[in-house]
Amino acid sequence: MRMAPSASGPLHIGHARMAILNDEYFRRYGGKLVLRIEDTNPTNNEPEAYQMIQDDLHWLDVNFTDLVIQSKRFELYYSEMKNLIEMRKAYVATSPTEEFKSRKQQGMPIKERDETPEENLERWDKMVSGDYAKGEAYAVVKTDLTHPNPAIRDFIAFRIVDTPHPLEGDRYKAYPMMNFSVAVDDHYNGLTHVIRGKDHTANTEKQKYIFGYRNWKLPFYLHYGKVSIEHTILKTSLIKKGIRSGEFTGWDDPKLGTLVALKKRGFSPLAIRKYYVESGIGSVDTTFSWEIFYSFNRKIIDNVSPRHFFVNQPVSLKFEFEGKLKASIPLYPQTGNSATQEKREYLVGKGSISITSQDYQKFKGELVRLKDLGYFKIGDENIEYIGQEILEDVQKWNPGRPLGKVPIIHWLSGNDVPFKVIKPDGTSEEGLLEKDALRFTGKVNQFERYGYVNVLDEKEGYFTHP
RNA sequence: GCUCCGGUAGUGUAGUCCGGCCAAGCAUAUCGGCCUUUCGAGCCGACGACCCGGGUCCAAAUCCCGGCCGGAGCACCA
């Protein structure tokens with residue numbers, strides 16, 4: 001099995017499918033899992049990508065057995081190409097590419113195609129040694145000029161590049177095209193199975209020609225369908241531009257679909273794995289369902305997320321009360337029994353109590369239950385303690401609300417710090433956060449009645465999902 | 001336009017190869033109920049699909065033909 005991302009940037013949620021699918025087969029059937037970084041287009045290469053890709057895979061718990069970097073293998077590609085030219089299966093052309101394309105369209109060869117290996121070899125040597133300038137020459141692998149699908153007819157295997165390579169500098173001038181290097185590497189990396197997106201189906205046909213000429217054993221190919229991931233920015237070039245312009249804070253900006261961004265938002269890599277394993281390898285195109293993904297993640301993180309109160313857009317209400325009320329609120333209500341549970345404990349007395357403006361608007365003048373504190377009546381500017389139990393008919397207090405249903409809302413009183421939650425759509429919400437949550441920075445907390453938030457530091461956090 | 005590939009509930013899938021056990025399973029979403037001092041979790045229930053038309057067959061989501069719709073590729077990117 002192999003994973004072959006390009007060295008243009010970190011992996012995103014779309015790449016994760018390729019990685020997970022290959023890894024799942026690897027886990028099930030063994031063999032080897034090759035990470036091959038395809039960096040044969042220097043204009044798109046990002047020097048930091050080599051490391052970022054490996055970090056992303058480790059985070060996903062995808063443990064590759066071999067690392068192959070294509071720019072280290074030019075000598076192999078060159079010797080293979082020379083081989084093909086000698087076999088009359090490839091040629092080197094200096095004719096304009098417009099002519100190459102149009103004749104191909106008509107099923108006609110350009111003149112170099114029929115020239116002798118000696119003539120082509122001579123041009124090939126000049127190409128490798130850098131005697132041609134960018135655009136002056138290119139090497140082509142023969143397929144079948146009469147192939148019914150024009151996309152499969154003779155394809156370019158090498159071109160001249162004068163942009164320096166991030167790893168190799170100006171050492172090479174002749175750069176292999178993806179279809180050539182992939183075929184050669186798939187063979188020499190000893191791959192028996194290739195799983196990749198269906199955008200490669202035509203490429204597979206081209207690559208098979210090289211396998212045929214060399215009599216190599218063909219791997220088993222599987223192409224999965226396209227996943228469209230809505231409401232998310234994935235395109236590396238766009239992200240780079242956005243980072244430069246300051247629109248994004250970095251590769252891990254919460255608006256992005258990169259794995260580092262999802263990590264920072266507090267997603268579990270297990271949720272990503274589960275999602276793609278359940279999606280399978282069908283060739284149908286699908287739309288990525290954030291809802292299902294969120295649900296998987298929620299189930300994974302729910303038990304380990306401490307609960308805290310976050311009052312966004314707080315309204316402060318005066319609390320005139322002689323004495324102290326004790327609040328004892330479990331940190332992990334899902335786990336353990338109530339006696340041994342870890343709790344947050346507060347004493348609330350005269351002063352003020354904050355609730356969200358949303359709750360204030362909705363329940364003004366009514367009876368509510370402040371979670372784990374007691375029954376209260378919300379006034380215009382103050383809040384009044386009623387008691388721990390309400391024996392009378394609730395409807396006496398809240399006419400119009402259903403019987404026995406007192407709204408339970410969250411609150412803060414003196415035990416809070418200002419906090420900002422940054423959402424994936426780029427907006428943010430400010431409010432008060434229970435101070436105890438700061439003990440859990442770097443972790444996902446569940447802000448009760450609000451959602452899951454990865455608390456990054458004492459000032460802000462990224463919204464994970466509801 | 002050319003060449004391939006594919007169409008199961010709102011979404012994601014199981015079943016299609018080798019027709020019957022599929023009056024179509026699961027998950028998610030939505031709605032309702034129970035439980036609960038979170039609108040979370042859990043439990044129960046409801047909702048909701050085989051693209052259309054022919055054909056073969058005792059029997060078709062499954063096989064065949066036609067149509068419709070969708071996607072991929074057609075680079076000196078990967």
# chains A, B, ... in the order shown; residues from 1 in each chain; ligands from 1

$ residues_around --residues "B:C63" --least-positions-apart "3" --cutoff "12 Å" --atoms "only C-alpha atoms (C1' of nucleotides)" --output "ChimeraX atom specification"
/B:16-19,55-57,60

$ interface_residues --of "chain A" --to "chain B" --cutoff "6 Å" --atoms "only C-alpha atoms (C1' of nucleotides)" --output "short mmCIF file (atom, residue, chain, number, x, y, z; two decimals) with all heavy atoms, in the first residue's frame"
data_model
loop_
_atom_site.label_atom_id
_atom_site.label_comp_id
_atom_site.auth_asym_id
_atom_site.auth_seq_id
_atom_site.Cartn_x
_atom_site.Cartn_y
_atom_site.Cartn_z
N ASN A 149 -9.76 6.98 -26.43
CA ASN A 149 -9.77 8.09 -25.48
C ASN A 149 -8.52 8.94 -25.69
O ASN A 149 -7.42 8.53 -25.36
CB ASN A 149 -9.80 7.53 -24.05
CG ASN A 149 -9.91 8.63 -23.02
OD1 ASN A 149 -9.89 9.82 -23.34
ND2 ASN A 149 -10.00 8.23 -21.77
N ALA A 151 -7.34 11.18 -24.12
CA ALA A 151 -6.63 11.47 -22.88
C ALA A 151 -5.54 10.44 -22.60
O ALA A 151 -4.65 10.68 -21.79
CB ALA A 151 -7.62 11.53 -21.72
N ARG A 159 9.87 17.17 -18.49
CA ARG A 159 9.93 18.52 -19.03
C ARG A 159 11.08 19.25 -18.36
O ARG A 159 11.63 18.79 -17.35
CB ARG A 159 8.59 19.24 -18.85
CG ARG A 159 8.35 19.94 -17.52
CD ARG A 159 8.08 18.98 -16.41
NE ARG A 159 7.42 19.64 -15.28
CZ ARG A 159 7.17 19.05 -14.12
NH1 ARG A 159 7.52 17.80 -13.91
NH2 ARG A 159 6.58 19.70 -13.16
N ASP A 199 -9.98 10.42 -9.70
CA ASP A 199 -9.41 11.39 -10.62
C ASP A 199 -8.17 10.81 -11.28
O ASP A 199 -7.64 11.37 -12.23
CB ASP A 199 -9.07 12.70 -9.88
CG ASP A 199 -8.33 12.46 -8.58
OD1 ASP A 199 -8.64 11.47 -7.89
OD2 ASP A 199 -7.43 13.25 -8.25
N ALA A 202 -7.71 7.77 -15.42
CA ALA A 202 -7.06 7.89 -16.72
C ALA A 202 -5.54 7.75 -16.56
O ALA A 202 -4.87 7.16 -17.41
CB ALA A 202 -7.41 9.22 -17.36
N VAL A 284 -18.78 6.06 -5.87
CA VAL A 284 -19.77 7.13 -5.96
C VAL A 284 -19.22 8.39 -5.31
O VAL A 284 -18.49 8.33 -4.34
CB VAL A 284 -21.08 6.80 -5.22
CG1 VAL A 284 -22.20 6.63 -6.19
CG2 VAL A 284 -20.92 5.62 -4.33
N ILE A 292 -22.41 13.97 10.67
CA ILE A 292 -22.04 12.62 11.08
C ILE A 292 -20.66 12.63 11.72
O ILE A 292 -20.42 11.99 12.74
CB ILE A 292 -22.12 11.66 9.87
CG1 ILE A 292 -23.57 11.52 9.42
CG2 ILE A 292 -21.51 10.31 10.20
CD1 ILE A 292 -23.77 10.66 8.21
N LYS A 371 -28.55 25.85 37.42
CA LYS A 371 -28.09 24.46 37.52
C LYS A 371 -27.24 24.24 38.77
O LYS A 371 -26.28 24.95 39.02
CB LYS A 371 -27.29 24.09 36.27
CG LYS A 371 -26.97 22.62 36.20
CD LYS A 371 -26.47 22.20 34.84
CE LYS A 371 -26.28 20.72 34.77
NZ LYS A 371 -25.17 20.22 35.60
N ASP A 372 -27.66 23.25 39.56
CA ASP A 372 -26.96 22.83 40.76
C ASP A 372 -26.91 23.91 41.85
O ASP A 372 -26.10 23.83 42.76
CB ASP A 372 -25.53 22.37 40.44
CG ASP A 372 -25.53 21.17 39.52
OD1 ASP A 372 -26.05 20.13 39.92
OD2 ASP A 372 -25.05 21.31 38.38
N GLU A 448 -21.47 23.77 29.05
CA GLU A 448 -22.83 23.26 29.14
C GLU A 448 -23.83 24.18 28.44
O GLU A 448 -23.78 25.39 28.56
CB GLU A 448 -23.21 23.06 30.61
CG GLU A 448 -22.33 22.01 31.27
CD GLU A 448 -22.89 21.49 32.57
OE1 GLU A 448 -24.09 21.18 32.63
OE2 GLU A 448 -22.12 21.39 33.55
N ARG A 449 -24.68 23.57 27.70
CA ARG A 449 -25.73 24.23 26.92
C ARG A 449 -25.13 25.12 25.83
O ARG A 449 -25.81 25.98 25.28
CB ARG A 449 -26.67 25.06 27.82
CG ARG A 449 -27.38 24.22 28.87
CD ARG A 449 -28.31 25.04 29.72
NE ARG A 449 -29.39 25.63 28.97
CZ ARG A 449 -29.70 26.92 29.00
NH1 ARG A 449 -29.01 27.76 29.74
NH2 ARG A 449 -30.70 27.36 28.29
#

$ closest_residue --among "A:Lys217, A:Lys101, A:Arg344, A:His231" --to "A:Glu434" --atoms "only C-alpha atoms"
A:Arg344

$ residues_around --residues "A:Ser354" --least-positions-apart "4" --cutoff "12 Å" --atoms "only C-alpha atoms (C1' of nucleotides)" --output "VMD selection string"
chain A and resid 309 to 319 348 358 to 360 370 378 381 to 383 409 to 417 431 to 434

$ write_last_selection --atoms "N, CA, C and O atoms" --output "compact mmCIF listing (two decimals), in the first residue's frame"
# COMPACT_ATOMS: atom_id res chain seq x y z
N PHE A 309 -19.19 26.09 32.79
CA PHE A 309 -20.17 27.08 32.36
C PHE A 309 -19.48 28.18 31.58
O PHE A 309 -18.45 28.71 32.01
N PHE A 310 -20.06 28.49 30.44
CA PHE A 310 -19.60 29.64 29.67
C PHE A 310 -20.82 30.50 29.40
O PHE A 310 -21.78 30.04 28.79
N VAL A 311 -20.80 31.71 29.92
CA VAL A 311 -21.94 32.61 29.73
C VAL A 311 -21.57 33.62 28.67
O VAL A 311 -20.77 34.54 28.91
N ASN A 312 -22.10 33.40 27.47
CA ASN A 312 -21.78 34.36 26.41
C ASN A 312 -22.76 35.52 26.45
O ASN A 312 -23.90 35.37 26.86
N GLN A 313 -22.29 36.66 26.06
CA GLN A 313 -23.05 37.91 26.17
C GLN A 313 -23.73 37.99 27.53
O GLN A 313 -24.96 37.95 27.63
N PRO A 314 -22.93 38.08 28.59
CA PRO A 314 -23.50 37.98 29.93
C PRO A 314 -24.36 39.18 30.32
O PRO A 314 -24.10 40.30 29.91
N VAL A 315 -25.38 38.88 31.12
CA VAL A 315 -26.18 39.92 31.75
C VAL A 315 -25.97 39.74 33.25
O VAL A 315 -26.15 38.64 33.77
N SER A 316 -25.54 40.80 33.89
CA SER A 316 -25.25 40.70 35.32
C SER A 316 -26.47 41.14 36.12
O SER A 316 -26.99 42.22 35.92
N LEU A 317 -26.92 40.28 37.01
CA LEU A 317 -28.12 40.59 37.81
C LEU A 317 -27.72 40.71 39.27
O LEU A 317 -26.94 39.90 39.78
N LYS A 318 -28.30 41.73 39.92
CA LYS A 318 -27.99 41.94 41.33
C LYS A 318 -28.59 40.83 42.17
O LYS A 318 -29.72 40.40 41.95
N PHE A 319 -27.83 40.38 43.13
CA PHE A 319 -28.29 39.29 43.98
C PHE A 319 -28.20 39.74 45.43
O PHE A 319 -27.12 39.88 45.98
N VAL A 348 -22.10 30.88 46.93
CA VAL A 348 -22.64 32.07 46.27
C VAL A 348 -23.40 32.90 47.31
O VAL A 348 -24.30 32.39 47.99
N GLN A 358 -29.45 35.74 26.22
CA GLN A 358 -30.49 34.94 25.58
C GLN A 358 -31.46 34.39 26.61
O GLN A 358 -32.68 34.49 26.45
N ASP A 359 -30.92 33.82 27.70
CA ASP A 359 -31.78 33.30 28.75
C ASP A 359 -32.54 34.43 29.44
O ASP A 359 -33.72 34.29 29.79
N TYR A 360 -31.84 35.54 29.62
CA TYR A 360 -32.46 36.68 30.29
C TYR A 360 -33.70 37.15 29.52
O TYR A 360 -34.77 37.34 30.08
N LEU A 370 -31.26 27.56 38.43
CA LEU A 370 -29.86 27.73 38.12
C LEU A 370 -29.20 26.38 38.40
O LEU A 370 -29.33 25.85 39.51
N ILE A 378 -36.16 35.52 37.99
CA ILE A 378 -35.38 36.53 37.29
C ILE A 378 -36.18 37.82 37.22
O ILE A 378 -37.29 37.84 36.67
N GLU A 381 -33.60 43.65 36.96
CA GLU A 381 -32.19 43.94 37.20
C GLU A 381 -31.61 43.10 38.32
O GLU A 381 -30.45 43.20 38.66
N ASN A 382 -32.47 42.29 38.89
CA ASN A 382 -31.99 41.47 39.99
C ASN A 382 -32.48 40.04 39.85
O ASN A 382 -33.28 39.71 38.97
N ILE A 383 -31.97 39.20 40.71
CA ILE A 383 -32.39 37.80 40.69
C ILE A 383 -32.64 37.40 42.14
O ILE A 383 -31.92 37.81 43.05
N ILE A 409 -30.91 26.59 33.64
CA ILE A 409 -29.93 27.39 32.90
C ILE A 409 -28.61 27.46 33.67
O ILE A 409 -28.54 27.15 34.86
N HIS A 410 -27.56 27.80 32.94
CA HIS A 410 -26.26 27.90 33.58
C HIS A 410 -25.98 29.34 33.97
O HIS A 410 -26.62 30.26 33.49
N TRP A 411 -25.01 29.53 34.85
CA TRP A 411 -24.82 30.81 35.51
C TRP A 411 -23.37 30.94 35.97
O TRP A 411 -22.64 29.96 36.01
N LEU A 412 -22.99 32.14 36.34
CA LEU A 412 -21.67 32.34 36.94
C LEU A 412 -21.79 33.44 37.98
O LEU A 412 -22.60 34.35 37.84
N SER A 413 -20.99 33.34 39.02
CA SER A 413 -21.05 34.35 40.06
C SER A 413 -19.68 34.47 40.72
O SER A 413 -19.35 33.72 41.62
N GLY A 414 -18.90 35.38 40.22
CA GLY A 414 -17.60 35.64 40.85
C GLY A 414 -16.51 34.63 40.52
O GLY A 414 -15.33 34.89 40.73
N ASN A 415 -16.89 33.50 39.97
CA ASN A 415 -15.92 32.45 39.71
C ASN A 415 -15.55 32.41 38.23
O ASN A 415 -15.40 31.35 37.64
N ASP A 416 -15.42 33.59 37.62
CA ASP A 416 -15.30 33.60 36.16
C ASP A 416 -14.19 34.50 35.65
O ASP A 416 -13.66 35.35 36.36
N VAL A 417 -13.80 34.28 34.39
CA VAL A 417 -12.83 35.13 33.70
C VAL A 417 -13.39 35.44 32.31
O VAL A 417 -14.16 34.67 31.77
N GLY A 431 -17.56 36.24 26.29
CA GLY A 431 -18.39 36.06 27.47
C GLY A 431 -17.53 35.76 28.67
O GLY A 431 -16.34 36.09 28.70
N LEU A 432 -18.16 35.11 29.65
CA LEU A 432 -17.46 34.77 30.87
C LEU A 432 -17.34 33.26 30.96
O LEU A 432 -18.28 32.53 30.67
N LEU A 433 -16.16 32.82 31.36
CA LEU A 433 -15.93 31.39 31.49
C LEU A 433 -15.62 31.07 32.94
O LEU A 433 -14.92 31.81 33.63
N GLU A 434 -16.16 29.96 33.38
CA GLU A 434 -15.88 29.47 34.71
C GLU A 434 -14.36 29.28 34.86
O GLU A 434 -13.73 28.62 34.04

$ atom_distance --atom1 "atom CA of A:Glu136" --atom2 "atom CA of A:Thr94"
5.8 Å

$ atom_distance --atom1 "atom CA of A:His193" --atom2 "atom CA of A:Arg28"
13.2 Å

$ select_by_dssp --residues "stretch 105-332 of chain A" --states "helix (DSSP H, G or I)" --output "PyMOL selection string"
chain A and resi 105+111-114+117-129+150-152+178-188+198-214+236-245+259-265+269-279+290-304

$ residues_around --residues "A:Gly190" --least-positions-apart "6" --cutoff "12 Å" --atoms "only C-alpha atoms (C1' of nucleotides)" --output "number ranges by chain"
A: 1-2, 31-34, 66, 182-184, 216-220

$ write_last_selection --atoms "C-alpha atoms" --output "PDB file, in the first residue's frame"
ATOM      1  CA  MET A   1       0.000   0.000   0.000  1.00  0.00           C
ATOM      2  CA  ARG A   2       1.124   3.536  -0.467  1.00  0.00           C
ATOM      3  CA  GLY A  31       2.786  -5.882   3.953  1.00  0.00           C
ATOM      4  CA  LYS A  32       4.188  -2.420   3.807  1.00  0.00           C
ATOM      5  CA  LEU A  33       2.846   1.077   3.810  1.00  0.00           C
ATOM      6  CA  VAL A  34       4.919   3.531   1.839  1.00  0.00           C
ATOM      7  CA  ASP A  66       8.869   3.296   4.254  1.00  0.00           C
ATOM      8  CA  VAL A 182       4.548   7.133 -10.263  1.00  0.00           C
ATOM      9  CA  ALA A 183       4.738   4.133 -12.561  1.00  0.00           C
ATOM     10  CA  VAL A 184       8.457   3.670 -11.935  1.00  0.00           C
ATOM     11  CA  TRP A 216       6.390  -5.519 -14.635  1.00  0.00           C
ATOM     12  CA  LYS A 217       3.741  -7.111 -12.517  1.00  0.00           C
ATOM     13  CA  LEU A 218       0.752  -4.810 -12.429  1.00  0.00           C
ATOM     14  CA  PRO A 219      -0.560  -3.749  -9.025  1.00  0.00           C
ATOM     15  CA  PHE A 220      -4.232  -4.079  -8.218  1.00  0.00           C
TER      16      PHE A 220
END

$ residues_around --residues "B:A9" --least-positions-apart "5" --cutoff "10 Å" --atoms "only C-alpha atoms (C1' of nucleotides)" --output "PyMOL selection string"
chain B and resi 47-50

$ atom_distance --atom1 "atom CA of A:Val421" --atom2 "atom CA of A:Gly374"
27.9 Å

$ closest_residue --among "A:Glu278, A:Glu366, A:Glu46, A:Asp125" --to "A:Thr236" --atoms "only C-alpha atoms"
A:Glu46

$ residues_around --residues "B:G67" --least-positions-apart "4" --cutoff "12 Å" --atoms "only C-alpha atoms (C1' of nucleotides)" --output "JSON, numbers by chain"
{"B": [51, 52, 53, 54]}

$ write_last_selection --atoms "N, CA and C atoms (P, O5', C5', C4', C3', O3' and C1' of nucleotides)" --output "short mmCIF file (atom, residue, chain, number, x, y, z; two decimals), in the first residue's frame"
data_model
loop_
_atom_site.label_atom_id
_atom_site.label_comp_id
_atom_site.auth_asym_id
_atom_site.auth_seq_id
_atom_site.Cartn_x
_atom_site.Cartn_y
_atom_site.Cartn_z
P C B 51 -32.37 3.46 -7.72
"O5'" C B 51 -33.44 4.48 -8.34
"C5'" C B 51 -33.71 5.72 -7.71
"C4'" C B 51 -34.22 6.69 -8.73
"C3'" C B 51 -35.13 6.07 -9.78
"O3'" C B 51 -36.48 6.06 -9.34
"C1'" C B 51 -33.46 7.35 -10.86
P C B 52 -37.44 4.88 -9.83
"O5'" C B 52 -37.76 5.32 -11.33
"C5'" C B 52 -38.50 6.51 -11.60
"C4'" C B 52 -38.65 6.68 -13.09
"C3'" C B 52 -39.19 5.46 -13.82
"O3'" C B 52 -40.61 5.41 -13.77
"C1'" C B 52 -37.30 6.28 -14.96
P G B 53 -41.33 3.98 -13.81
"O5'" G B 53 -41.08 3.52 -15.32
"C5'" G B 53 -41.62 4.27 -16.39
"C4'" G B 53 -41.18 3.70 -17.70
"C3'" G B 53 -41.31 2.20 -17.84
"O3'" G B 53 -42.64 1.81 -18.06
"C1'" G B 53 -39.23 2.90 -18.71
P G B 54 -43.02 0.26 -17.96
"O5'" G B 54 -42.63 -0.22 -19.41
"C5'" G B 54 -42.48 -1.57 -19.67
"C4'" G B 54 -41.51 -1.79 -20.79
"C3'" G B 54 -41.00 -3.21 -20.84
"O3'" G B 54 -41.93 -4.06 -21.48
"C1'" G B 54 -39.16 -1.75 -20.90
#

$ select_by_dssp --residues "stretch 98-335 of chain A" --states "strand (DSSP E)" --output "ChimeraX atom specification"
/A:138-141,155-160,174-176,193-197,220-224,227-228,286-287,307-308,310-312,314-319,325-330

$ write_last_selection --atoms "C-alpha atoms" --output "compact mmCIF listing (two decimals), in the first residue's frame"
# COMPACT_ATOMS: atom_id res chain seq x y z
CA TYR A 138 10.07 17.35 -23.59
CA ALA A 139 10.17 13.58 -23.39
CA VAL A 140 7.15 11.48 -24.29
CA VAL A 141 6.09 7.91 -23.54
CA PHE A 155 1.87 11.43 -22.68
CA ILE A 156 4.67 13.70 -21.61
CA ALA A 157 7.06 12.09 -19.17
CA PHE A 158 9.71 14.79 -18.64
CA ARG A 159 9.93 18.52 -19.03
CA ILE A 160 12.51 21.20 -18.37
CA ALA A 174 14.79 17.54 -16.57
CA TYR A 175 11.88 16.80 -14.22
CA PRO A 176 9.70 13.72 -14.48
CA HIS A 193 -2.15 -2.57 -4.32
CA VAL A 194 -2.87 1.01 -5.20
CA ILE A 195 -5.85 2.78 -3.67
CA ARG A 196 -6.47 6.32 -4.79
CA GLY A 197 -9.13 8.71 -5.96
CA PHE A 220 -4.23 -4.08 -8.22
CA TYR A 221 -5.86 -0.67 -8.64
CA LEU A 222 -8.85 0.67 -6.76
CA HIS A 223 -10.31 4.12 -7.30
CA TYR A 224 -12.63 5.66 -4.76
CA VAL A 227 -15.72 13.55 -1.60
CA SER A 228 -16.85 17.12 -1.74
CA THR A 286 -20.30 11.84 -1.83
CA THR A 287 -20.56 14.97 0.18
CA ARG A 307 -18.10 20.36 31.98
CA HIS A 308 -17.95 24.07 32.60
CA PHE A 310 -19.60 29.64 29.67
CA VAL A 311 -21.94 32.61 29.73
CA ASN A 312 -21.78 34.36 26.41
CA PRO A 314 -23.50 37.98 29.93
CA VAL A 315 -26.18 39.92 31.75
CA SER A 316 -25.25 40.70 35.32
CA LEU A 317 -28.12 40.59 37.81
CA LYS A 318 -27.99 41.94 41.33
CA PHE A 319 -28.29 39.29 43.98
CA LEU A 325 -25.67 29.04 48.82
CA LYS A 326 -23.56 26.03 48.05
CA ALA A 327 -23.19 24.74 44.51
CA SER A 328 -21.63 21.37 43.83
CA ILE A 329 -21.38 20.55 40.15
CA PRO A 330 -19.90 17.35 38.75
